[in-house]
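Below is coords13.txt, holding compact mmCIF, C-alpha atoms.
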```txt
# COMPACT_ATOMS: atom_id res chain seq x y z
CA MET K 23 -31.45 -171.31 33.66
CA LEU K 24 -33.94 -168.61 32.67
CA THR K 25 -32.84 -165.01 32.24
CA VAL K 26 -35.08 -161.96 31.87
CA ARG K 27 -34.30 -158.29 31.32
CA LEU K 28 -36.49 -155.83 33.19
CA ASP K 29 -35.38 -152.95 30.97
CA SER K 30 -36.28 -154.73 27.74
CA ASP K 31 -39.13 -153.60 25.46
CA GLU K 32 -40.24 -157.22 25.25
CA PRO K 33 -42.95 -157.97 27.87
CA LEU K 34 -41.81 -160.14 30.80
CA VAL K 35 -44.42 -162.80 29.99
CA ASP K 36 -42.97 -163.19 26.47
CA GLN K 37 -39.44 -163.37 27.84
CA ILE K 38 -40.40 -166.14 30.26
CA VAL K 39 -42.27 -168.06 27.55
CA ARG K 40 -39.30 -167.69 25.20
CA GLY K 41 -36.85 -168.82 27.89
CA ILE K 42 -38.84 -171.94 28.75
CA ARG K 43 -39.37 -172.78 25.06
CA ALA K 44 -35.62 -172.49 24.53
CA ALA K 45 -34.98 -174.76 27.53
CA ILE K 46 -37.35 -177.37 26.05
CA ALA K 47 -35.78 -177.02 22.59
CA THR K 48 -32.22 -177.44 23.90
CA GLY K 49 -33.20 -180.42 26.04
CA GLU K 50 -32.53 -178.64 29.35
CA LEU K 51 -36.16 -179.48 30.14
CA GLN K 52 -37.22 -182.99 29.12
CA ASN K 53 -40.64 -184.53 28.65
CA GLY K 54 -42.12 -185.15 32.12
CA ASP K 55 -39.88 -182.65 33.94
CA GLU K 56 -41.60 -180.46 36.51
CA LEU K 57 -41.35 -176.71 35.98
CA PRO K 58 -40.65 -174.62 39.08
CA PRO K 59 -43.82 -173.67 40.96
CA VAL K 60 -45.15 -170.21 40.02
CA ARG K 61 -44.25 -168.86 43.46
CA GLN K 62 -40.66 -170.12 43.22
CA LEU K 63 -39.98 -168.72 39.75
CA ALA K 64 -41.66 -165.39 40.54
CA GLY K 65 -39.69 -165.10 43.78
CA ASP K 66 -36.37 -165.93 42.12
CA LEU K 67 -36.93 -163.51 39.23
CA GLY K 68 -38.44 -160.82 41.45
CA VAL K 69 -41.55 -160.52 39.28
CA HIS K 70 -45.27 -160.71 40.06
CA LEU K 71 -46.92 -164.12 40.50
CA ASN K 72 -49.46 -163.32 37.78
CA THR K 73 -46.67 -162.72 35.24
CA VAL K 74 -45.33 -166.25 35.67
CA ALA K 75 -48.84 -167.76 35.89
CA ARG K 76 -49.75 -166.09 32.58
CA ALA K 77 -46.58 -167.36 30.93
CA TYR K 78 -47.40 -170.91 32.09
CA ARG K 79 -50.95 -170.55 30.72
CA GLU K 80 -49.57 -169.46 27.34
CA LEU K 81 -47.22 -172.45 27.28
CA GLN K 82 -50.10 -174.75 28.18
CA ALA K 83 -52.11 -173.35 25.27
CA THR K 84 -49.37 -174.47 22.88
CA GLY K 85 -49.41 -177.97 24.37
CA LEU K 86 -45.83 -177.88 25.61
CA VAL K 87 -46.73 -178.06 29.32
CA HIS K 88 -49.68 -179.18 31.39
CA THR K 89 -50.74 -177.92 34.82
CA ALA K 90 -52.58 -180.27 37.16
CA ARG K 91 -53.93 -179.04 40.48
CA GLY K 92 -51.65 -180.13 43.31
CA ARG K 93 -49.17 -181.80 40.94
CA GLY K 94 -47.55 -178.72 39.44
CA THR K 95 -46.72 -177.90 35.85
CA ARG K 96 -44.89 -180.50 33.77
CA VAL K 97 -43.42 -180.60 30.30
CA THR K 98 -45.77 -182.80 28.28
CA ALA K 99 -44.35 -182.43 24.78
CA THR K 100 -41.13 -181.37 23.14
CA GLN K 101 -43.01 -180.21 20.04
CA GLU K 102 -45.93 -177.80 19.93
CA ALA K 103 -49.38 -179.13 19.13
CA LEU K 104 -49.42 -177.26 15.82
CA PRO K 105 -49.36 -178.64 12.27
CA ALA K 106 -45.66 -179.38 11.71
CA GLY K 107 -44.03 -177.37 8.96
CA ASP K 108 -47.20 -175.80 7.58
CA GLU K 109 -46.93 -172.81 5.20
CA ALA K 110 -47.85 -170.18 7.83
CA THR K 111 -45.16 -171.47 10.20
CA ARG K 112 -42.56 -171.46 7.42
CA GLN K 113 -43.51 -167.91 6.45
CA GLY K 114 -43.31 -166.71 10.06
CA LEU K 115 -39.86 -168.28 10.51
CA LEU K 116 -38.63 -166.76 7.25
CA GLU K 117 -39.73 -163.28 8.34
CA ARG K 118 -38.07 -163.64 11.74
CA ALA K 119 -34.87 -164.96 10.15
CA GLN K 120 -34.81 -162.01 7.73
CA ALA K 121 -35.37 -159.59 10.61
CA LEU K 122 -32.48 -161.21 12.50
CA LEU K 123 -30.17 -160.95 9.48
CA ALA K 124 -31.18 -157.34 8.97
CA ASP K 125 -30.37 -156.56 12.61
CA ALA K 126 -26.94 -158.18 12.23
CA LYS K 127 -26.17 -156.32 8.98
CA LEU K 128 -27.34 -152.97 10.33
CA ALA K 129 -25.23 -153.51 13.46
CA GLY K 130 -22.22 -153.82 11.17
CA LEU K 131 -21.56 -157.49 11.98
CA PRO K 132 -19.42 -159.22 9.33
CA ARG K 133 -21.07 -162.22 7.69
CA THR K 134 -18.41 -164.60 9.00
CA GLU K 135 -19.10 -163.44 12.56
CA PHE K 136 -22.83 -163.89 12.08
CA ASP K 137 -22.22 -167.40 10.70
CA ARG K 138 -20.24 -168.23 13.84
CA ILE K 139 -23.05 -166.98 16.12
CA TRP K 140 -25.64 -168.83 14.04
CA LYS K 141 -23.64 -172.07 14.21
CA GLU K 142 -23.29 -171.71 17.99
CA ALA K 143 -27.04 -171.14 18.39
CA ARG K 144 -27.88 -174.06 16.08
CA GLN K 145 -25.50 -176.32 18.01
CA ALA K 146 -27.40 -175.51 21.25
CA ILE K 147 -30.74 -176.47 19.70
CA TRP K 148 -29.62 -179.32 17.42
CA PRO K 149 -26.43 -180.81 18.83
CA SER K 150 -24.29 -182.84 16.38
CA GLY K 151 -26.14 -185.87 15.09
CA ARG K 152 -29.58 -184.66 16.24
CA THR K 153 -32.01 -183.97 13.41
CA SER K 154 -35.27 -183.30 15.27
CA MET I 26 -31.23 -182.77 89.53
CA LEU I 27 -28.68 -180.92 91.65
CA TYR I 28 -26.11 -181.07 88.86
CA PHE I 29 -28.73 -180.01 86.35
CA HIS I 30 -29.54 -176.87 88.34
CA LEU I 31 -25.91 -176.13 89.11
CA PHE I 32 -24.43 -176.60 85.68
CA PHE I 33 -27.21 -175.69 83.29
CA PRO I 34 -27.30 -171.89 83.95
CA PRO I 35 -23.53 -171.44 83.43
CA LEU I 36 -23.80 -173.51 80.24
CA MET I 37 -26.45 -171.13 79.00
CA PHE I 38 -24.21 -168.15 79.74
CA LEU I 39 -21.35 -169.82 77.97
CA SER I 40 -23.21 -170.53 74.71
CA PRO I 41 -23.15 -166.84 73.60
CA LEU I 42 -19.47 -166.88 74.56
CA LEU I 43 -18.93 -169.86 72.24
CA VAL I 44 -20.24 -167.67 69.43
CA LEU I 45 -17.56 -165.14 70.26
CA VAL I 46 -14.87 -167.80 70.00
CA GLY I 47 -16.32 -169.59 66.98
CA TYR I 48 -17.15 -166.67 64.71
CA LYS I 49 -14.29 -165.22 62.78
CA PRO I 50 -14.92 -161.82 61.20
CA ILE I 51 -14.68 -161.78 57.42
CA ALA I 52 -12.38 -159.33 55.64
CA GLU I 53 -15.15 -156.84 54.82
CA ALA I 54 -16.29 -156.46 58.45
CA ASP I 55 -15.78 -153.14 60.19
CA PRO I 56 -12.95 -153.91 62.71
CA ASP I 57 -14.09 -151.18 65.14
CA GLU I 58 -17.65 -152.45 65.33
CA VAL I 59 -16.50 -156.06 65.69
CA ARG I 60 -14.12 -155.12 68.51
CA LEU I 61 -16.77 -153.12 70.37
CA THR I 62 -19.44 -155.81 70.20
CA ARG I 63 -16.91 -158.49 71.13
CA ARG I 64 -15.94 -156.46 74.20
CA ARG I 65 -19.61 -155.92 75.12
CA LEU I 66 -20.28 -159.67 74.90
CA LEU I 67 -17.26 -160.45 77.07
CA VAL I 68 -18.25 -157.91 79.74
CA TRP I 69 -21.87 -159.09 79.91
CA THR I 70 -20.96 -162.77 80.02
CA ALA I 71 -18.40 -162.14 82.77
CA LEU I 72 -20.99 -160.15 84.75
CA ALA I 73 -23.63 -162.89 84.32
CA ILE I 74 -21.28 -165.63 85.50
CA ALA I 75 -20.09 -163.48 88.42
CA ALA I 76 -23.71 -162.80 89.45
CA TYR I 77 -24.52 -166.51 89.22
CA LEU I 78 -21.56 -167.47 91.39
CA LEU I 79 -22.36 -164.72 93.90
CA ILE I 80 -25.99 -165.83 94.27
CA THR I 81 -24.97 -169.49 94.59
CA VAL I 82 -22.31 -168.81 97.23
CA LEU I 83 -24.46 -166.32 99.18
CA ARG I 84 -27.47 -168.62 99.29
CA PHE I 85 -25.35 -171.55 100.37
CA THR I 86 -23.41 -169.72 103.05
CA LEU I 87 -26.32 -167.65 104.43
CA PHE I 88 -29.15 -170.17 104.29
CA ALA I 89 -28.03 -173.72 103.53
CA SER I 90 -25.41 -173.84 106.27
CA ALA I 91 -28.10 -172.88 108.81
CA THR I 92 -30.34 -175.78 107.82
CA GLU I 93 -29.88 -179.47 108.30
CA GLY I 94 -29.28 -181.97 105.54
CA PRO I 95 -27.94 -181.40 102.03
CA GLY I 96 -28.50 -177.65 101.92
CA LEU I 97 -26.94 -177.14 98.54
CA ALA I 98 -29.43 -179.53 96.98
CA ARG I 99 -32.28 -177.40 98.35
CA GLN I 100 -30.77 -174.06 97.44
CA ALA I 101 -29.35 -174.91 94.02
CA PRO I 102 -32.69 -174.65 92.15
CA LEU I 103 -33.00 -171.04 93.36
CA THR I 104 -30.07 -170.09 91.16
CA GLN I 105 -31.56 -171.46 87.97
CA PHE I 106 -33.57 -168.30 87.33
CA MET I 107 -30.23 -166.83 86.26
CA ALA I 108 -30.57 -168.92 83.12
CA PHE I 109 -33.08 -166.33 81.93
CA LEU I 110 -30.08 -164.09 81.28
CA PHE I 111 -29.43 -166.30 78.27
CA MET I 112 -31.95 -164.41 76.11
CA PRO I 113 -30.59 -160.87 76.68
CA LEU I 114 -27.04 -162.18 76.31
CA TRP I 115 -27.88 -163.95 73.08
CA PHE I 116 -29.89 -161.19 71.44
CA ALA I 117 -28.06 -158.15 72.81
CA CYS I 118 -24.50 -159.43 72.50
CA ALA I 119 -24.02 -162.62 70.50
CA MET I 120 -26.26 -161.80 67.53
CA PRO I 121 -24.99 -158.18 67.11
CA TYR I 122 -21.48 -159.63 67.17
CA VAL I 123 -22.36 -162.16 64.45
CA ARG I 124 -23.89 -159.36 62.36
CA ALA I 125 -20.90 -157.08 62.89
CA ALA I 126 -18.51 -159.89 61.92
CA ARG I 127 -20.53 -160.65 58.75
CA PRO I 128 -21.92 -157.44 57.26
CA HIS I 129 -23.91 -159.33 54.60
CA MET I 130 -26.04 -161.19 57.13
CA ASP I 131 -29.01 -158.83 57.04
CA GLN I 132 -28.23 -157.03 53.86
CA PRO I 133 -30.52 -157.94 51.00
CA VAL I 134 -29.66 -157.08 47.42
CA THR I 135 -31.45 -153.78 47.07
CA LYS I 136 -30.08 -152.67 43.73
CA ALA I 137 -32.75 -153.18 41.09
CA LEU I 138 -30.54 -154.72 38.45
CA PRO I 139 -32.23 -155.17 35.10
CA VAL I 140 -30.95 -158.69 34.37
CA ARG I 141 -32.40 -161.44 36.57
CA SER I 142 -31.99 -165.17 36.29
CA ALA I 143 -33.60 -168.20 37.89
CA SER I 144 -33.21 -171.94 37.85
CA LEU I 145 -35.79 -173.97 35.92
CA VAL I 146 -35.55 -176.86 38.39
CA SER I 147 -38.43 -177.35 40.78
CA ARG I 148 -36.77 -177.25 44.18
CA ARG I 149 -39.64 -178.87 46.06
CA SER I 150 -38.85 -182.19 44.34
CA LEU I 151 -35.11 -182.03 45.01
CA GLN I 152 -33.52 -184.72 47.18
CA VAL I 153 -30.68 -182.89 48.88
CA LEU I 154 -30.13 -185.40 51.70
CA PRO I 155 -28.89 -189.01 51.42
CA SER I 156 -31.65 -191.57 50.80
CA TRP I 157 -31.29 -193.19 54.25
CA THR I 158 -32.52 -189.99 55.90
CA ARG I 159 -35.97 -190.51 54.39
CA TRP I 160 -36.85 -193.56 56.48
CA THR I 161 -34.87 -192.95 59.70
CA PRO I 162 -37.46 -190.84 61.59
CA LEU I 163 -40.16 -193.42 60.73
CA ALA I 164 -37.86 -196.31 61.71
CA VAL I 165 -37.20 -194.72 65.12
CA LEU I 166 -40.93 -194.37 65.81
CA VAL I 167 -41.77 -197.88 64.58
CA ALA I 168 -38.94 -199.37 66.70
CA GLY I 169 -40.29 -197.55 69.77
CA ALA I 170 -43.84 -198.73 69.08
CA ILE I 171 -42.75 -202.37 68.54
CA TYR I 172 -40.74 -202.29 71.76
CA CYS I 173 -43.73 -200.97 73.75
CA VAL I 174 -46.18 -203.51 72.30
CA VAL I 175 -43.89 -206.56 72.52
CA ARG I 176 -42.65 -205.81 76.05
CA GLY I 177 -45.72 -204.40 77.68
CA PHE I 178 -48.92 -205.42 75.96
CA GLY I 179 -50.78 -208.26 77.67
CA THR I 180 -48.71 -208.22 80.89
CA SER I 181 -50.47 -207.87 84.22
CA GLN I 182 -49.00 -204.37 84.79
CA TRP I 183 -50.46 -203.05 81.54
CA SER I 184 -53.48 -200.86 82.23
CA THR I 185 -55.86 -198.54 80.39
CA GLN I 186 -53.85 -195.59 81.66
CA THR I 187 -50.69 -197.07 80.12
CA ASN I 188 -52.55 -197.63 76.87
CA VAL I 189 -53.57 -193.99 76.76
CA LEU I 190 -50.14 -192.64 77.71
CA VAL I 191 -48.12 -194.76 75.30
CA GLY I 192 -50.75 -194.35 72.58
CA ALA I 193 -50.75 -190.55 72.99
CA LEU I 194 -46.95 -190.41 72.81
CA LEU I 195 -46.77 -192.54 69.68
CA LEU I 196 -49.64 -190.62 68.11
CA ALA I 197 -47.79 -187.35 68.77
CA GLY I 198 -44.75 -188.90 67.07
CA ALA I 199 -46.84 -189.99 64.08
CA LEU I 200 -48.37 -186.51 63.77
CA GLY I 201 -44.91 -184.95 63.88
CA LEU I 202 -43.84 -187.36 61.15
CA ASN I 203 -46.80 -186.29 59.04
CA PHE I 204 -45.49 -182.72 58.95
CA TYR I 205 -41.95 -183.76 58.00
CA PRO I 206 -42.36 -183.83 54.15
CA SER I 207 -44.20 -180.48 54.17
CA LEU I 208 -41.47 -178.95 56.34
CA GLN I 209 -38.81 -180.29 53.98
CA ARG I 210 -40.58 -178.77 50.97
CA PHE I 211 -40.96 -175.48 52.86
CA ALA I 212 -37.25 -175.50 53.71
CA LEU I 213 -36.40 -175.80 50.01
CA SER I 214 -38.88 -173.25 48.72
CA GLY I 215 -37.03 -170.09 49.79
CA LYS I 216 -36.18 -167.48 47.17
CA GLU I 217 -32.96 -168.03 45.23
CA PRO I 218 -32.54 -164.98 43.02
CA GLY I 219 -29.83 -164.93 40.39
CA ILE I 220 -28.18 -162.04 38.62
CA GLY I 221 -27.17 -162.19 34.98
CA SER I 222 -25.58 -165.36 33.60
CA PRO I 223 -25.19 -168.56 35.68
CA ASP I 224 -22.66 -168.31 38.48
CA PRO I 225 -21.26 -171.68 39.71
CA GLU I 226 -20.08 -170.20 43.01
CA LEU I 227 -23.53 -168.76 43.75
CA GLU I 228 -25.19 -172.05 42.80
CA LYS I 229 -22.80 -173.83 45.20
CA ALA I 230 -23.69 -171.38 47.99
CA TYR I 231 -27.41 -171.93 47.37
CA ALA I 232 -26.93 -175.72 47.38
CA SER I 233 -25.04 -175.47 50.66
CA PHE I 234 -27.80 -173.28 52.16
CA ARG I 235 -30.46 -175.78 50.99
CA ARG I 236 -28.55 -178.67 52.56
CA ALA I 237 -28.19 -176.74 55.83
CA LYS I 238 -31.96 -176.09 55.96
CA SER I 239 -32.83 -179.69 55.08
CA TRP I 240 -30.48 -181.15 57.69
CA GLY I 241 -32.05 -178.86 60.28
CA VAL I 242 -35.56 -180.09 59.47
CA TRP I 243 -34.39 -183.72 59.45
CA THR I 244 -32.63 -183.32 62.82
CA LEU I 245 -35.75 -181.72 64.28
CA ALA I 246 -37.99 -184.54 63.01
CA THR I 247 -35.62 -187.33 64.10
CA GLY I 248 -34.96 -185.67 67.46
CA PHE I 249 -38.68 -185.42 68.10
CA GLU I 250 -39.18 -189.10 67.19
CA VAL I 251 -36.28 -190.19 69.43
CA LEU I 252 -37.74 -188.17 72.30
CA THR I 253 -41.33 -189.46 71.98
CA ALA I 254 -40.42 -193.09 71.23
CA GLY I 255 -37.73 -193.04 73.97
CA ILE I 256 -40.11 -191.69 76.62
CA ALA I 257 -42.77 -194.29 75.65
CA ALA I 258 -40.20 -197.12 75.87
CA LEU I 259 -38.94 -195.81 79.22
CA LEU I 260 -42.51 -195.66 80.52
CA VAL I 261 -43.10 -199.30 79.57
CA SER I 262 -39.76 -200.44 81.00
CA GLY I 263 -40.44 -198.68 84.29
CA LEU I 264 -43.90 -200.21 84.45
CA LEU I 265 -42.59 -203.74 83.94
CA GLN I 266 -39.88 -203.33 86.58
CA GLY I 267 -42.27 -201.66 89.01
CA GLN I 268 -40.27 -198.43 89.10
CA ASP I 269 -41.58 -194.89 89.14
CA THR I 270 -40.00 -193.39 86.03
CA GLY I 271 -41.85 -190.04 86.26
CA ARG I 272 -38.80 -188.22 87.64
CA MET I 273 -36.48 -189.71 85.04
CA ILE I 274 -38.92 -188.87 82.22
CA GLY I 275 -39.19 -185.29 83.50
CA LEU I 276 -35.41 -184.98 83.55
CA ILE I 277 -35.07 -186.41 80.04
CA GLY I 278 -37.87 -184.17 78.75
CA GLY I 279 -36.39 -181.07 80.41
CA THR I 280 -32.83 -181.77 79.33
CA GLY I 281 -33.92 -182.83 75.85
CA GLY I 282 -36.03 -179.69 75.44
CA ALA I 283 -33.23 -177.43 76.69
CA LEU I 284 -30.75 -179.19 74.41
CA ILE I 285 -33.04 -178.81 71.40
CA GLY I 286 -33.51 -175.11 72.25
CA THR I 287 -29.78 -174.46 72.57
CA LEU I 288 -28.94 -176.45 69.44
CA GLY I 289 -31.75 -174.60 67.65
CA GLY I 290 -30.14 -171.27 68.56
CA LEU I 291 -26.74 -172.40 67.29
CA TYR I 292 -28.34 -173.87 64.17
CA GLY I 293 -30.13 -170.56 63.52
CA ALA I 294 -26.82 -168.75 63.76
CA TRP I 295 -25.22 -171.25 61.35
CA LEU I 296 -28.08 -170.77 58.88
CA GLY I 297 -27.54 -167.03 59.15
CA VAL I 298 -23.90 -167.54 58.16
CA CYS I 299 -24.87 -169.67 55.13
CA GLY I 300 -27.42 -166.99 54.13
CA SER I 301 -24.85 -164.24 54.57
CA ARG I 302 -22.52 -166.08 52.17
CA VAL I 303 -25.29 -166.03 49.54
CA ASN I 304 -25.94 -162.30 50.15
CA GLU I 305 -22.22 -161.60 49.94
CA LEU I 306 -21.96 -163.31 46.53
CA LEU I 307 -25.11 -161.58 45.28
CA ASN I 308 -23.80 -158.19 46.35
CA GLN I 309 -20.44 -158.85 44.69
CA ARG I 310 -22.22 -159.93 41.51
CA ALA I 311 -24.54 -156.90 41.62
CA ALA I 312 -21.56 -154.56 42.02
CA LYS I 313 -19.86 -156.21 39.05
CA GLU I 314 -22.97 -156.01 36.85
CA ALA I 315 -23.66 -152.40 37.81
```
What's the structure tokens form of this structure?
Amino acid sequence: MLTVRLDSDEPLVDQIVRGIRAAIATGELQNGDELPPVRQLAGDLGVHLNTVARAYRELQATGLVHTARGRGTRVTATQEALPAGDEATRQGLLERAQALLADAKLAGLPRTEFDRIWKEARQAIWPSGRTS
Amino acid sequence: MLYFHLFFPPLMFLSPLLVLVGYKPIAEADPDEVRLTRRRLLVWTALAIAAYLLITVLRFTLFASATEGPGLARQAPLTQFMAFLFMPLWFACAMPYVRAARPHMDQPVTKALPVRSASLVSRRSLQVLPSWTRWTPLAVLVAGAIYCVVRGFGTSQWSTQTNVLVGALLLAGALGLNFYPSLQRFALSGKEPGIGSPDPELEKAYASFRRAKSWGVWTLATGFEVLTAGIAALLVSGLLQGQDTGRMIGLIGGTGGALIGTLGGLYGAWLGVCGSRVNELLNQRAAKEA
């Protein structure tokens, strides 16, 4: 299931990309699965066709999906075609994690509560026993 | 043919009346509007049947009794034009009643809620019907073709004209079959908007709506194959037995066509009900989210 917020500051394209990436990461979408056609997803979300098409193009650029004429868009990899664990990626993740922690602290969330949320999110991406 | 002309028009009047009996208003319907449209449908159906009976009796007593032979058989077809009343009855009475009884039927979700959700499953590749439904329309056509070739081909009665007729019928069946997968995909490709987090009840309503659409397309495809293959087989049988089957084929075609039309109307109404259930859930969800 993909959810977008029309009133969010985050562009719709980014929200769709993020949602599909999360679905691939959690295993909701497996290698070889067909993504909904652009028309279907745009119709269901009530957004423009070009918004969904652009999101699919961005996902294709990362190597996660591949679009073939007449055969739709399919998940082709469960890992991006980027150098795994390189320094730039690590740095980017660290900055985003710090920003997330800052948001939680500024919102007045106790650390124990944040740990619970973090554990829940981690469980969705890496269920027990799964290391990659 | 006499029975066809005599009984078909009243059956067409009665089908909107069946809607009146079969449709139960849901709790949210406006009771006044439902009562008024129900009364209007009853009055119009009663008037249509009364007019039909009057015309039948008048024609028989004034004209048929003055002629020799089976007068009713000659006069009965004159009453069939009354069947045209079916359309005004259906669209002016039955459908407004259905809409009044289910206020969500035509009501789309107009509130622009900020949170939207959608399934990430490609619906065009879904198999919502049992696996046996995939090969049945083809099997019907192939069985008809085998019957025609085995029974008729090579016999002395088989002619070029028969070749063309049977060939054209089977070709029409094959062309119809060719459209079946596209129609199935089209039936599944309708919009299925979601609001907020996943809602199992809404997903169930969508699944039910999808099944209803797919069964409709399958019935249409199989019905068409049965009709074409059946007429071709009948043509060959008649030819081998030296009988003129033209009249019988006309009757089957006419009755089959009328039956498909009537069933199509009822099916359309049923689809409307399934769609209204989805709208109802969406509206409830939208009200909750707002």
Contacts of Leu86 (chain K) at 12 Å (all atoms listed in the file; same-chain gap of 5+ positions) as an mmCIF file with C-alpha atoms, keeping the file's coordinate frame:
```cif
data_model
loop_
_atom_site.group_PDB
_atom_site.id
_atom_site.type_symbol
_atom_site.label_atom_id
_atom_site.label_comp_id
_atom_site.auth_asym_id
_atom_site.auth_seq_id
_atom_site.Cartn_x
_atom_site.Cartn_y
_atom_site.Cartn_z
ATOM 1 C CA VAL K 39 -42.270 -168.060 27.550
ATOM 2 C CA ILE K 42 -38.840 -171.940 28.750
ATOM 3 C CA ARG K 43 -39.370 -172.780 25.060
ATOM 4 C CA ALA K 44 -35.620 -172.490 24.530
ATOM 5 C CA ALA K 45 -34.980 -174.760 27.530
ATOM 6 C CA ILE K 46 -37.350 -177.370 26.050
ATOM 7 C CA ALA K 47 -35.780 -177.020 22.590
ATOM 8 C CA LEU K 51 -36.160 -179.480 30.140
ATOM 9 C CA GLN K 52 -37.220 -182.990 29.120
ATOM 10 C CA ASN K 53 -40.640 -184.530 28.650
ATOM 11 C CA GLY K 54 -42.120 -185.150 32.120
ATOM 12 C CA ASP K 55 -39.880 -182.650 33.940
ATOM 13 C CA GLU K 56 -41.600 -180.460 36.510
ATOM 14 C CA LEU K 57 -41.350 -176.710 35.980
ATOM 15 C CA ALA K 77 -46.580 -167.360 30.930
ATOM 16 C CA TYR K 78 -47.400 -170.910 32.090
ATOM 17 C CA ARG K 79 -50.950 -170.550 30.720
ATOM 18 C CA GLU K 80 -49.570 -169.460 27.340
ATOM 19 C CA LEU K 81 -47.220 -172.450 27.280
ATOM 20 C CA THR K 95 -46.720 -177.900 35.850
ATOM 21 C CA ARG K 96 -44.890 -180.500 33.770
ATOM 22 C CA VAL K 97 -43.420 -180.600 30.300
ATOM 23 C CA THR K 98 -45.770 -182.800 28.280
ATOM 24 C CA ALA K 99 -44.350 -182.430 24.780
ATOM 25 C CA THR K 100 -41.130 -181.370 23.140
ATOM 26 C CA GLN K 101 -43.010 -180.210 20.040
ATOM 27 C CA GLU K 102 -45.930 -177.800 19.930
ATOM 28 C CA ALA K 103 -49.380 -179.130 19.130
ATOM 29 C CA LEU K 104 -49.420 -177.260 15.820
#
```
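If you count only C-alpha atoms and ignore residues fewer than 4 places along the chain from region 258-271 of chain I, what sits within 7 Å of it is Gly169, Tyr172, Cys173, Gly177, Gln182, Ala254 and Gly275 of chain I.
Near chain K, counting all atoms listed in the file at 6 Å, the chain I residues are I:Pro139, I:Val140, I:Arg141, I:Ser142, I:Ala143, I:Ser144, I:Leu145, I:Val146, I:Ser147, I:Lys216, I:Glu217, I:Pro218.
Distances to Val59 (chain I) were evaluated for I:Pro155, I:Gly179, I:Gly201, I:Pro121 using only C-alpha atoms, and the minimum falls at I:Pro121.
Each of I:Ser239, I:Ser222, I:Thr185, I:Thr86 was checked against Glu314 (chain I) using only C-alpha atoms; the smallest atom-to-atom distance is that of I:Ser222.
Distance-wise, CA of Arg235 (chain I) and CA of Val153 (chain I) end up 7.4 Å apart.
We find CA of Ala75 (chain I) and CA of Leu39 (chain I) to be spaced 12.3 Å apart.
Separating CA of Ser301 (chain I) from CA of Tyr48 (chain I) is a distance of 13.0 Å.
For Leu306 (chain I), the non-local neighbours within 7 Å, defined as residues at least 4 positions apart in the same chain or in other chains and counting all atoms listed in the file, are Leu227, Arg302 and Arg310 of chain I.
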Q.
Residues proximal to (-27.1, -169.6, 51.4) were defined as those with any atom within 12 Å of that point in the file's coordinates, counting only C-alpha atoms. Which are they, as an MDAnalysis selection string?
A. chainID I and resid 129:130 212:213 215:218 226:238 295:307
Q) Mind listing as number ranges by chain all residues within 12 Å of (-43.2, -188.4, 58.1), counting all atoms listed in the file? A) I: 158-167, 197-209, 242-243, 245-247, 249-250
Rebuild region 136-146 of chain K to N, CA and C atoms - output it as a PDB file, keeping the file's coordinate frame, please.
```pdb
ATOM      1  N   PHE K 136     -21.443-163.461  11.922  1.00  0.00           N
ATOM      2  CA  PHE K 136     -22.830-163.890  12.080  1.00  0.00           C
ATOM      3  C   PHE K 136     -22.939-165.413  11.902  1.00  0.00           C
ATOM      4  N   ASP K 137     -22.197-165.950  10.930  1.00  0.00           N
ATOM      5  CA  ASP K 137     -22.220-167.400  10.700  1.00  0.00           C
ATOM      6  C   ASP K 137     -21.750-168.157  11.949  1.00  0.00           C
ATOM      7  N   ARG K 138     -20.761-167.586  12.616  1.00  0.00           N
ATOM      8  CA  ARG K 138     -20.240-168.230  13.840  1.00  0.00           C
ATOM      9  C   ARG K 138     -21.315-168.251  14.936  1.00  0.00           C
ATOM     10  N   ILE K 139     -21.985-167.075  15.094  1.00  0.00           N
ATOM     11  CA  ILE K 139     -23.050-166.980  16.120  1.00  0.00           C
ATOM     12  C   ILE K 139     -24.183-167.948  15.771  1.00  0.00           C
ATOM     13  N   TRP K 140     -24.534-167.978  14.483  1.00  0.00           N
ATOM     14  CA  TRP K 140     -25.640-168.830  14.040  1.00  0.00           C
ATOM     15  C   TRP K 140     -25.330-170.308  14.299  1.00  0.00           C
ATOM     16  N   LYS K 141     -24.072-170.686  14.024  1.00  0.00           N
ATOM     17  CA  LYS K 141     -23.640-172.070  14.210  1.00  0.00           C
ATOM     18  C   LYS K 141     -23.706-172.440  15.702  1.00  0.00           C
ATOM     19  N   GLU K 142     -23.282-171.489  16.534  1.00  0.00           N
ATOM     20  CA  GLU K 142     -23.290-171.710  17.990  1.00  0.00           C
ATOM     21  C   GLU K 142     -24.727-171.907  18.486  1.00  0.00           C
ATOM     22  N   ALA K 143     -25.631-171.042  17.980  1.00  0.00           N
ATOM     23  CA  ALA K 143     -27.040-171.140  18.390  1.00  0.00           C
ATOM     24  C   ALA K 143     -27.656-172.447  17.900  1.00  0.00           C
ATOM     25  N   ARG K 144     -27.311-172.818  16.657  1.00  0.00           N
ATOM     26  CA  ARG K 144     -27.880-174.060  16.080  1.00  0.00           C
ATOM     27  C   ARG K 144     -27.363-175.280  16.847  1.00  0.00           C
ATOM     28  N   GLN K 145     -26.100-175.206  17.277  1.00  0.00           N
ATOM     29  CA  GLN K 145     -25.500-176.320  18.010  1.00  0.00           C
ATOM     30  C   GLN K 145     -26.223-176.530  19.352  1.00  0.00           C
ATOM     31  N   ALA K 146     -26.690-175.400  19.962  1.00  0.00           N
ATOM     32  CA  ALA K 146     -27.400-175.510  21.250  1.00  0.00           C
ATOM     33  C   ALA K 146     -28.750-176.193  21.067  1.00  0.00           C
TER      34      ALA K 146
END
```
